[in-house]
Number of protein chains: 2
Amino acid sequence: MFEEQLSFLQKLSRLVRYYVLISTTAAGSGHPTSCLSATDLLVSLIFGGYFKADLDNPKDPNNDRLIFSKGHAAPLLYALYAAAGKLTEAELKTLRKMGSPLEGHPTPNFPYAEAATGSLGQGLGIGVGLALNAKLDNLNYKTYVLLGDGEMAEGSVWEAMQIASYYKLTNLVGIVDVNGYGLVGPTMLKQDLAAYVARIEAFGWEAITVDGHNLEEICEVFDSIERFSGRPVMIVAKTEKGAGINLPEVANVHGKSLTTEQLAQALQNLGEIDTTIVGQIQPPKPVSLTADTEPKTLKPVTKDYQLGELVATREAYGQGLVELASENPKVIALDADLSTSTFANRIKEVDSNRFLEMFIAEQNMVSVATGLALRGKIPFCSSFGAFLTRALDQIRMARYSQANVKFVGSHAGVSIGEDGFSQMGLEDISMFRCILDSIVLYPSDAVSTKALVKEMAKYSGIIYLRTSRPKVPVIYSTEEKFVIGGSKTLRSSKQDRLTIVAAGVTVHEALKAYEILFRDGIVVRVIDLYSVKPIDTLTLSQAAQETKAILVVEDHYSEGGVYGAVSECLYNPDLVKTRLVPIYSLAVNKLPRSGSSEELLAFVEIDTQAIVKKVNQIVDQLQ
Amino acid sequence: MFEEQLSFLQKLSRLVRYYVLISTTAAGSGHPTSCLSATDLLVSLIFGGYFKADLDNPKDPNNDRLIFSKGHAAPLLYALYAAAGKLTEAELKTLRKMGSPLEGHPTPNFPYAEAATGSLGQGLGIGVGLALNAKLDNLNYKTYVLLGDGEMAEGSVWEAMQIASYYKLTNLVGIVDVNGYGLVGPTMLKQDLAAYVARIEAFGWEAITVDGHNLEEICEVFDSIERFSGRPVMIVAKTEKGAGINLPEVANVHGKSLTTEQLAQALQNLGEIDTTIVGQIQPPKPVSLTADTEPKTLKPVTKDYQLGELVATREAYGQGLVELASENPKVIALDADLSTSTFANRIKEVDSNRFLEMFIAEQNMVSVATGLALRGKIPFCSSFGAFLTRALDQIRMARYSQANVKFVGSHAGVSIGEDGFSQMGLEDISMFRCILDSIVLYPSDAVSTKALVKEMAKYSGIIYLRTSRPKVPVIYSTEEKFVIGGSKTLRSSKQDRLTIVAAGVTVHEALKAYEILFRDGIVVRVIDLYSVKPIDTLTLSQAAQETKAILVVEDHYSEGGVYGAVSECLYNPDLVKTRLVPIYSLAVNKLPRSGSSEELLAFVEIDTQAIVKKVNQIVDQLQ
């Protein structure tokens with residue numbers, strides 16, 4: 001390395017440290033010492049000529065991508081872009097302040113943050129998604145992920161590690177900032193670099209150790225990366241928390257900004273700062289579009305269902321997915337070793353490359369999907385609804401990254417039968433409902449399922465589709481339209497005494513109950529609430545207006561599910577203006593177990609007989 | 001090994017296979033091939049004299065513990081106990097049938113199942129909890145965990161691996177059944193035993209490979225285990241899915257029972273079965289109680305809070321925990337590198353051994369707590385509420401294991417301020433509410449927090465305590481009583497126009513709003529709903545009876561939280577019989593961001609001003 005280049009990098013390192021320190025002290029909070037340990041690594045990467053991006057076009061598909069998995073080092077991210085001339089000192093000092101794009105952890109409000117981070121251990125999985133996207137699209141960009149050593153304890157990191165080596169992501173580079181300290185004290189492995197190397201190599205990566213504060217050595221490592229072929233590369237850097245300011249009393253303090261006195265001392269120790277210099281970031285190589293990057297001409301796949309035909313909604317998901325994929329080349333599917341049960345595997349009929357096996361690692365599946373979505377793909381992630389609970393933190397963060405990820409949870413509810421409660425998704429509606437702006441769909445038959453799968457691709461954001469295991473009759477003709485926020489009133493008359501709101505498997509139970517009740521002279525309305533969120537307030541308010549009570553029947557625990565959705569809207573005059581009527585619930589209120597689907601629906605009292613009995617009780621009470 | 005012993009084990013292996021096959025075919029579903037790959041390993045362990053337990057006393061504290069992490073091998077578990085004379089063939093044939101304790105995956109309904117499993121990758125963490133318990137109590141029992149190779153892809157397994165080696169759990173033995181196949185196809189590593197060994201050893205365990213169908217070799221491995229000191233041991237066994245029945249067409253089929261024709265062929269291939277033999281399980285060694293196992297005489301710790309004193313509820317949790325721990329030696333605390341922020345670290349003041357640092361791995365923290373709880377401890381697991389979302393699957397399974405685990409989520413809501421949305425628990429109330437029979441507590445001040453922490457230890461099961469970051473005034477005198485299912489009506493009169501239901505930080509906002517509204521001549525009721533589940537139906541119905549509307553104000557997303565809890569009960573005549581009044585909501589309905597606590601409460605419109613404005617609007621509408 002040329003002397004002058006090294007000297008310039010050293011100046012930039014001091015400048016970046018200066019920016020980190022003044023911005024966090026101005027904020028009065030933040031994690032300056034965690035930024036300082038990673039500063040030299042990132043300055044070398046960004047300004048050493050390795051990281052290539054067109055800063056005027058942060059969304060350029062050829063830009064290298066950089067994820068701060070250790071999101072608490074956000075001030076370092078901002079300081080780097082200040083050193084690159086993209087933020088002023090005044091802007092830096094808005095750090096963590098209301099309205100500033102420079103938030104406490106990286107968010108999409110800052111255009112150079114690829115993803116929202118701050119819940120640790122998720123950045124590498126997102127990086128895997130970005131790197132897989134490059135492979136799928138034949139793009140040359142590289143993905144870099146900065147990891148903290150503390151977050152290496154998250155299992156999700158190792159899920160990402162194994163998948164990256166499985167898919168031979170040579171375009172992915174991780175950098176672990178081994179400063180040896182977490183929030184409370186030393187990390188599990190402290191600064192045992194050999195232990196990190198052993199784990200990383202055992203998981204199929206190339207591991208390179210480096211002194212994380214020796215700019216020349218770091219640059220040599222980046223120079224050498226091209227030599228490693230066939231494996232992703234992890235740089236394992238020995239660093240010091242609070243490096244460069246020689247203030248032992250703050251060195252290993254986590255999550256506290258320096259006082260003004262400490263800042264003055266730190267800046268004095270840091271040495272001369274030249275705020276006039278601007279670091280240069282290399283532009284990306286022009287993309288070489290090959291024939292392979294052109295979307296293939298796809299053969300459209302279609303299938304129509306007949307009324308009364310017995311089809312599980314999970315099967316119809318597979319059909320919807322394959323039809324959608326044949327129309328839209330951005331649609332891809334990920335699954336965690338259940339694709340023959342969720343029917344996600346059917347996308348392979350269109351293009352086997354558009355199915356990504358994520359093996360039994362649901363958290364990483366969601367992070368990878370987030371990365372793919374951030375580069376324009378429309379990933380559909382499927383598993384049993386029960387096992388998507390494993391990834392709630394990743395789903396939450398996908399929302400915060402504004403990632404367009406679709407979720408499909410099959411085998412929902414007790415209706416799965418013999419496998420028992422561990423496999424029954426009974427919390428999934430609640431879980432997805434409380435993701436901000438999410439959409440939650442729960443179709444009852446094959447026609448509505450297929451139609452809603454296609455609707456899912458039209459909306460950006462987190463959408464959950466709940467499918468069921470048992471075969472059920474098709475109740476809609478193929479011409480029927482289904483929209484997000486809609487519902488279907490299946491039985492309705494002026495004599496309706498009350499309204500049964502059902503969704504998924506309980507729609508069929510409600511229809512059977514309708515017949516029995518009708519024969520007994522009790523006429524009820526039946527609504528298929530296939531869109532749980534947003535909810536069809538118009539139809540529900542009309543039902544409240546025209547019938548004397550509402551009964552919600554659902555194959556889900558009684559909190560936060562369909563009943564929750566209905567009751568949360570019907571009495572809130574800000575959402576619905578209607579008559580206030582009682583709302584009864586039939587839901588899963590006791591511990592399910594193994595048994596047949598029919599036995600279990602009866603056991604938890606959401607089957608036809610339970611509905612008939614309940615309606616009779618309600619009618620008695622209404623009189 | 002003696003010839004006759006080997007020959008007897010071979011007979012037992014055939015008998016166990018026979019039981020697996022006939023029970024799954026009788027059930028018409030299940031995973032026989034996944035059982036057969038592990039049969040010889042388990043027969044050797046259980047009947048080779050290594051596993052020691054008093055079968056007449058499954059809860060004997062000295063019994064070795066066995067977790068089937070690959071829960072789909074449940075028929076093997078049942079078959080082993082049938083071979084030990086504890087189940088009849090007729091009982092085995094109730095497998096997966098309604099009412100049978102022999103469920104599709106192990107549950108506490110079967111007395112020899114230590115824990116509910118079936119969501120993969122959780123058994124080793126539970127095993128870590130069981131093994132840690134033995135160390136804490138100076139007991140000699142060993143913990144064995146059977147793992148599938150497919151589930152080794154779950155990051156939670158590696159979280160358990162690292163913690164087991166960190167805590168030097170030499171009393172923990174894992175057995176990986178490497179049959180090479182998952183549900184859909186080959187596992188990521190197929191049968192690359194060397195890759196498993198490298199990963200396992202890198203994570204600090206001893207790894208021993210073995211031919212998983214050679215009983216003599218397997219017994220030699222178990223014999224050798226005592227020689228390895230200082231590290232937990234993982235047996236890596238090369239196996240065949242469907243081993244022993246020589247039916248290639250079913251060998252790698254996952255999750256399907258044999259047809260009667262296949263069964264007949266399989267039994268023929270299996271050879272002679274002697275159903276009269278009974279396998280013997282060695283009794284446990286008598287416990288050697290040392291002085292160390294006697295509970296230490298603890299110095300009670302107490303602190304009283306003064307009215308108006310500024311204390312964060314998270315600090316009060318620490319105080320409550322330390323007081324509780326000084327009274328109850330079963331109370332222990334686990335935290336994931338946030339104990340100085342959640343204040344769980346305060347338990348160290350009583351006994352540093354009763355704090356277990358779980359590092360940044362929330363999923364494993366919950367599984368370890370489950371294991372500890374199953375052996376009688378009362379573990380309190382804490383993290384930021386946001387990060388407990390990471391472990392929803394484990395929390396769900398803890399409930400199914402009937403584990404007495406307590407959860408504390410600090411830094412709830414937008415009131416945390418500058419750190420931004422990644423750190424804000426905004427889904428946690430919803431998440432914990434939909435765990436069956438759970439309790440959800442959300443106190444507003446230090447006195448109520450401390451009181452509720454003590455209440456938590458009185459109830460068995462999943463209890464969640466939500467705490468907040470900011471300091472807030474103490475509003476209750478130390479004599480005040482708080483009960484699970486209770487609430488406090490803080491302001492009340494005959495003139496109340498409407499009722500504000502608040503919890504946690506919004507109680508303080510509601511009280512300030514009350515003063516402003518009172519000066520304007522609008523009198524409102526204010527309820528502190530510190531117990532969100534179970535909910536105080538009596539007080540709420542009275543409020544609905546006596547005031548014209550209810551306004552719920554909460555620092556949580558608008559779905560499934562406090563508003564959800566109130567609206568789900570108030571209109572359900574099965575729960576509450578009362579007048580139907582409108583229920584308004586002030587909750588987090590937009591994307592939060594970085595800012596001060598006060599700015600954010602105002603931004604999402606749940607602060608004093610927002611409440612005053614909303615009450616005025618409602619009053620206008622009511623007129």
# chains A, B, ... in the order shown; residues from 1 in each chain; ligands from 1
>>> residues_around(residues="Gly148 (chain A)", least_positions_apart="3", cutoff="7 Å", atoms="only C-alpha atoms", output="list of chain:residue names")
A:Lys70, A:Glu151, A:Met152, A:Val176, A:Asp177, A:Val178
>>> residues_around(residues="Lys613 (chain B)", least_positions_apart="4", cutoff="12 Å", atoms="only C-alpha atoms", output="short mmCIF file (atom, residue, chain, number, x, y, z; two decimals) with C-alpha atoms, in the first residue's frame")
data_model
loop_
_atom_site.label_atom_id
_atom_site.label_comp_id
_atom_site.auth_asym_id
_atom_site.auth_seq_id
_atom_site.Cartn_x
_atom_site.Cartn_y
_atom_site.Cartn_z
CA ALA B 510 -54.13 9.23 32.10
CA ALA B 513 -55.15 14.01 31.60
CA TYR B 514 -57.65 13.53 34.41
CA ILE B 516 -56.73 18.77 32.91
CA LEU B 517 -60.15 17.36 32.06
CA ASP B 520 -62.45 21.69 32.23
CA ILE B 522 -65.12 16.71 32.45
CA LEU B 551 -61.13 4.61 26.21
CA LEU B 586 -55.41 5.11 21.68
CA ALA B 602 -46.93 12.48 21.72
CA GLU B 605 -50.77 9.96 20.33
CA ILE B 606 -50.90 8.17 23.63
CA ASP B 607 -49.70 11.01 25.87
CA THR B 608 -51.63 13.34 28.15
CA GLN B 609 -52.54 15.77 25.38
CA GLN B 617 -64.00 14.25 21.05
CA ILE B 618 -65.77 11.33 22.69
CA VAL B 619 -67.71 13.59 25.02
CA ASP B 620 -68.82 15.63 22.01
#
>>> closest_residue(among="A:Ile550, A:Leu124, A:Ala53, A:Ala312", to="chain B", atoms="only C-alpha atoms")
A:Ile550
>>> residues_around(residues="Asn269 (chain A)", least_positions_apart="2", cutoff="10 Å", atoms="only C-alpha atoms", output="list in words")
Gly244, Ile245, Asn246, Leu247, Leu263, Ala264, Gln265, Ala266, Leu267, Gly271 and Glu272 of chain A
>>> write_last_selection(atoms="C-alpha atoms", output="short mmCIF file (atom, residue, chain, number, x, y, z; two decimals), in the first residue's frame")
data_model
loop_
_atom_site.label_atom_id
_atom_site.label_comp_id
_atom_site.auth_asym_id
_atom_site.auth_seq_id
_atom_site.Cartn_x
_atom_site.Cartn_y
_atom_site.Cartn_z
CA GLY A 244 -8.40 5.23 19.30
CA ILE A 245 -9.35 7.57 22.11
CA ASN A 246 -7.24 6.15 24.91
CA LEU A 247 -9.84 6.64 27.62
CA LEU A 263 -15.39 14.08 24.77
CA ALA A 264 -12.88 16.90 25.11
CA GLN A 265 -10.29 14.48 26.44
CA ALA A 266 -11.10 11.91 23.78
CA LEU A 267 -10.74 14.42 20.98
CA GLY A 271 -5.16 13.90 17.49
CA GLU A 272 -5.55 16.28 14.62
#
>>> residues_around(residues="Ile218 (chain A)", least_positions_apart="2", cutoff="12 Å", atoms="only C-alpha atoms", output="mmCIF file with N, CA, C and O atoms, in the first residue's frame")
data_model
loop_
_atom_site.group_PDB
_atom_site.id
_atom_site.type_symbol
_atom_site.label_atom_id
_atom_site.label_comp_id
_atom_site.auth_asym_id
_atom_site.auth_seq_id
_atom_site.Cartn_x
_atom_site.Cartn_y
_atom_site.Cartn_z
ATOM 1 N N MET A 1 0.842 -1.206 0.000
ATOM 2 C CA MET A 1 0.000 0.000 0.000
ATOM 3 C C MET A 1 0.872 1.248 0.000
ATOM 4 O O MET A 1 1.892 1.291 0.691
ATOM 5 N N LEU A 6 -2.253 5.100 2.793
ATOM 6 C CA LEU A 6 -2.367 4.695 4.187
ATOM 7 C C LEU A 6 -2.583 5.913 5.077
ATOM 8 O O LEU A 6 -3.434 5.914 5.971
ATOM 9 N N LEU A 9 -6.077 7.102 4.729
ATOM 10 C CA LEU A 9 -7.005 6.245 5.475
ATOM 11 C C LEU A 9 -6.928 6.531 6.969
ATOM 12 O O LEU A 9 -7.941 6.530 7.670
ATOM 13 N N ALA A 38 -15.013 -0.902 15.516
ATOM 14 C CA ALA A 38 -15.205 -1.325 14.120
ATOM 15 C C ALA A 38 -14.759 -0.274 13.112
ATOM 16 O O ALA A 38 -14.796 -0.518 11.898
ATOM 17 N N THR A 39 -14.332 0.888 13.584
ATOM 18 C CA THR A 39 -14.049 2.005 12.679
ATOM 19 C C THR A 39 -12.979 1.683 11.640
ATOM 20 O O THR A 39 -13.172 1.914 10.432
ATOM 21 N N ASP A 40 -11.859 1.141 12.083
ATOM 22 C CA ASP A 40 -10.760 0.921 11.139
ATOM 23 C C ASP A 40 -11.119 -0.130 10.092
ATOM 24 O O ASP A 40 -10.720 -0.041 8.928
ATOM 25 N N LEU A 41 -11.898 -1.118 10.528
ATOM 26 C CA LEU A 41 -12.347 -2.149 9.581
ATOM 27 C C LEU A 41 -13.207 -1.542 8.488
ATOM 28 O O LEU A 41 -13.036 -1.811 7.300
ATOM 29 N N LEU A 42 -14.135 -0.690 8.913
ATOM 30 C CA LEU A 42 -15.076 -0.134 7.940
ATOM 31 C C LEU A 42 -14.443 0.949 7.081
ATOM 32 O O LEU A 42 -14.750 1.054 5.891
ATOM 33 N N VAL A 43 -13.566 1.757 7.676
ATOM 34 C CA VAL A 43 -12.866 2.774 6.888
ATOM 35 C C VAL A 43 -12.046 2.094 5.786
ATOM 36 O O VAL A 43 -12.046 2.520 4.631
ATOM 37 N N SER A 44 -11.378 1.004 6.144
ATOM 38 C CA SER A 44 -10.587 0.278 5.139
ATOM 39 C C SER A 44 -11.471 -0.277 4.034
ATOM 40 O O SER A 44 -11.161 -0.179 2.846
ATOM 41 N N LEU A 45 -12.582 -0.884 4.438
ATOM 42 C CA LEU A 45 -13.487 -1.473 3.450
ATOM 43 C C LEU A 45 -14.042 -0.408 2.507
ATOM 44 O O LEU A 45 -13.983 -0.555 1.278
ATOM 45 N N ILE A 46 -14.544 0.671 3.120
ATOM 46 C CA ILE A 46 -15.299 1.663 2.344
ATOM 47 C C ILE A 46 -14.371 2.556 1.522
ATOM 48 O O ILE A 46 -14.640 2.831 0.347
ATOM 49 N N PHE A 47 -13.300 3.006 2.172
ATOM 50 C CA PHE A 47 -12.449 3.995 1.506
ATOM 51 C C PHE A 47 -11.138 3.394 0.983
ATOM 52 O O PHE A 47 -10.307 4.096 0.422
ATOM 53 N N GLY A 48 -10.948 2.093 1.203
ATOM 54 C CA GLY A 48 -9.733 1.443 0.709
ATOM 55 C C GLY A 48 -9.878 0.979 -0.733
ATOM 56 O O GLY A 48 -8.990 0.350 -1.290
ATOM 57 N N TYR A 50 -12.357 -1.061 -1.810
ATOM 58 C CA TYR A 50 -12.965 -2.403 -1.919
ATOM 59 C C TYR A 50 -14.471 -2.327 -2.131
ATOM 60 O O TYR A 50 -15.020 -2.964 -3.013
ATOM 61 N N ILE A 175 -17.664 -9.621 8.527
ATOM 62 C CA ILE A 175 -16.580 -9.041 9.329
ATOM 63 C C ILE A 175 -17.044 -9.093 10.785
ATOM 64 O O ILE A 175 -18.029 -8.432 11.144
ATOM 65 N N ILE A 208 -10.469 -15.497 8.209
ATOM 66 C CA ILE A 208 -9.171 -14.807 8.178
ATOM 67 C C ILE A 208 -9.095 -13.911 9.404
ATOM 68 O O ILE A 208 -9.982 -13.077 9.610
ATOM 69 N N THR A 209 -8.073 -14.075 10.189
ATOM 70 C CA THR A 209 -7.935 -13.204 11.360
ATOM 71 C C THR A 209 -7.129 -11.963 11.001
ATOM 72 O O THR A 209 -6.298 -11.986 10.084
ATOM 73 N N VAL A 210 -7.392 -10.903 11.734
ATOM 74 C CA VAL A 210 -6.692 -9.651 11.449
ATOM 75 C C VAL A 210 -6.682 -8.779 12.699
ATOM 76 O O VAL A 210 -7.575 -8.898 13.559
ATOM 77 N N ASP A 211 -5.672 -7.946 12.799
ATOM 78 C CA ASP A 211 -5.659 -6.898 13.829
ATOM 79 C C ASP A 211 -6.605 -5.804 13.333
ATOM 80 O O ASP A 211 -6.312 -5.117 12.362
ATOM 81 N N GLY A 212 -7.714 -5.659 13.992
ATOM 82 C CA GLY A 212 -8.774 -4.766 13.516
ATOM 83 C C GLY A 212 -8.452 -3.291 13.615
ATOM 84 O O GLY A 212 -9.324 -2.462 13.285
ATOM 85 N N HIS A 213 -7.266 -2.962 14.049
ATOM 86 C CA HIS A 213 -6.900 -1.551 14.093
ATOM 87 C C HIS A 213 -5.653 -1.259 13.265
ATOM 88 O O HIS A 213 -5.100 -0.165 13.337
ATOM 89 N N ASN A 214 -5.230 -2.232 12.488
ATOM 90 C CA ASN A 214 -4.074 -2.041 11.619
ATOM 91 C C ASN A 214 -4.579 -1.906 10.177
ATOM 92 O O ASN A 214 -4.885 -2.896 9.508
ATOM 93 N N LEU A 215 -4.686 -0.642 9.737
ATOM 94 C CA LEU A 215 -5.307 -0.364 8.437
ATOM 95 C C LEU A 215 -4.603 -1.112 7.302
ATOM 96 O O LEU A 215 -5.256 -1.626 6.391
ATOM 97 N N GLU A 216 -3.295 -1.176 7.362
ATOM 98 C CA GLU A 216 -2.546 -1.820 6.294
ATOM 99 C C GLU A 216 -2.878 -3.317 6.246
ATOM 100 O O GLU A 216 -3.143 -3.883 5.187
ATOM 101 N N GLU A 220 -4.799 -5.535 3.383
ATOM 102 C CA GLU A 220 -4.216 -6.752 2.809
ATOM 103 C C GLU A 220 -5.229 -7.900 2.821
ATOM 104 O O GLU A 220 -5.298 -8.697 1.888
ATOM 105 N N VAL A 221 -5.978 -7.952 3.892
ATOM 106 C CA VAL A 221 -7.002 -9.005 3.974
ATOM 107 C C VAL A 221 -8.038 -8.807 2.870
ATOM 108 O O VAL A 221 -8.401 -9.759 2.165
ATOM 109 N N PHE A 222 -8.498 -7.575 2.711
ATOM 110 C CA PHE A 222 -9.485 -7.344 1.636
ATOM 111 C C PHE A 222 -8.876 -7.654 0.267
ATOM 112 O O PHE A 222 -9.547 -8.190 -0.616
ATOM 113 N N ASP A 223 -7.591 -7.302 0.111
ATOM 114 C CA ASP A 223 -6.920 -7.636 -1.159
ATOM 115 C C ASP A 223 -6.926 -9.138 -1.413
ATOM 116 O O ASP A 223 -7.024 -9.591 -2.555
ATOM 117 N N SER A 224 -6.799 -9.888 -0.321
ATOM 118 C CA SER A 224 -6.611 -11.340 -0.468
ATOM 119 C C SER A 224 -7.917 -12.091 -0.706
ATOM 120 O O SER A 224 -7.895 -13.248 -1.109
ATOM 121 N N ILE A 225 -9.022 -11.416 -0.448
ATOM 122 C CA ILE A 225 -10.297 -12.137 -0.465
ATOM 123 C C ILE A 225 -10.569 -12.811 -1.800
ATOM 124 O O ILE A 225 -11.067 -13.937 -1.851
ATOM 125 N N ILE A 235 -14.063 -12.323 8.029
ATOM 126 C CA ILE A 235 -12.884 -11.683 8.601
ATOM 127 C C ILE A 235 -13.098 -11.600 10.115
ATOM 128 O O ILE A 235 -14.107 -11.050 10.565
ATOM 129 N N VAL A 236 -12.195 -12.179 10.854
ATOM 130 C CA VAL A 236 -12.325 -12.218 12.320
ATOM 131 C C VAL A 236 -11.301 -11.233 12.874
ATOM 132 O O VAL A 236 -10.100 -11.486 12.836
ATOM 133 N N ALA A 237 -11.788 -10.104 13.352
ATOM 134 C CA ALA A 237 -10.888 -9.009 13.699
ATOM 135 C C ALA A 237 -10.792 -8.828 15.203
ATOM 136 O O ALA A 237 -11.803 -8.694 15.892
ATOM 137 N N LYS A 238 -9.589 -8.841 15.694
ATOM 138 C CA LYS A 238 -9.360 -8.543 17.114
ATOM 139 C C LYS A 238 -9.355 -7.025 17.265
ATOM 140 O O LYS A 238 -8.572 -6.327 16.609
ATOM 141 N N THR A 239 -10.250 -6.524 18.093
ATOM 142 C CA THR A 239 -10.404 -5.074 18.220
ATOM 143 C C THR A 239 -10.487 -4.680 19.689
ATOM 144 O O THR A 239 -10.537 -5.534 20.573
#
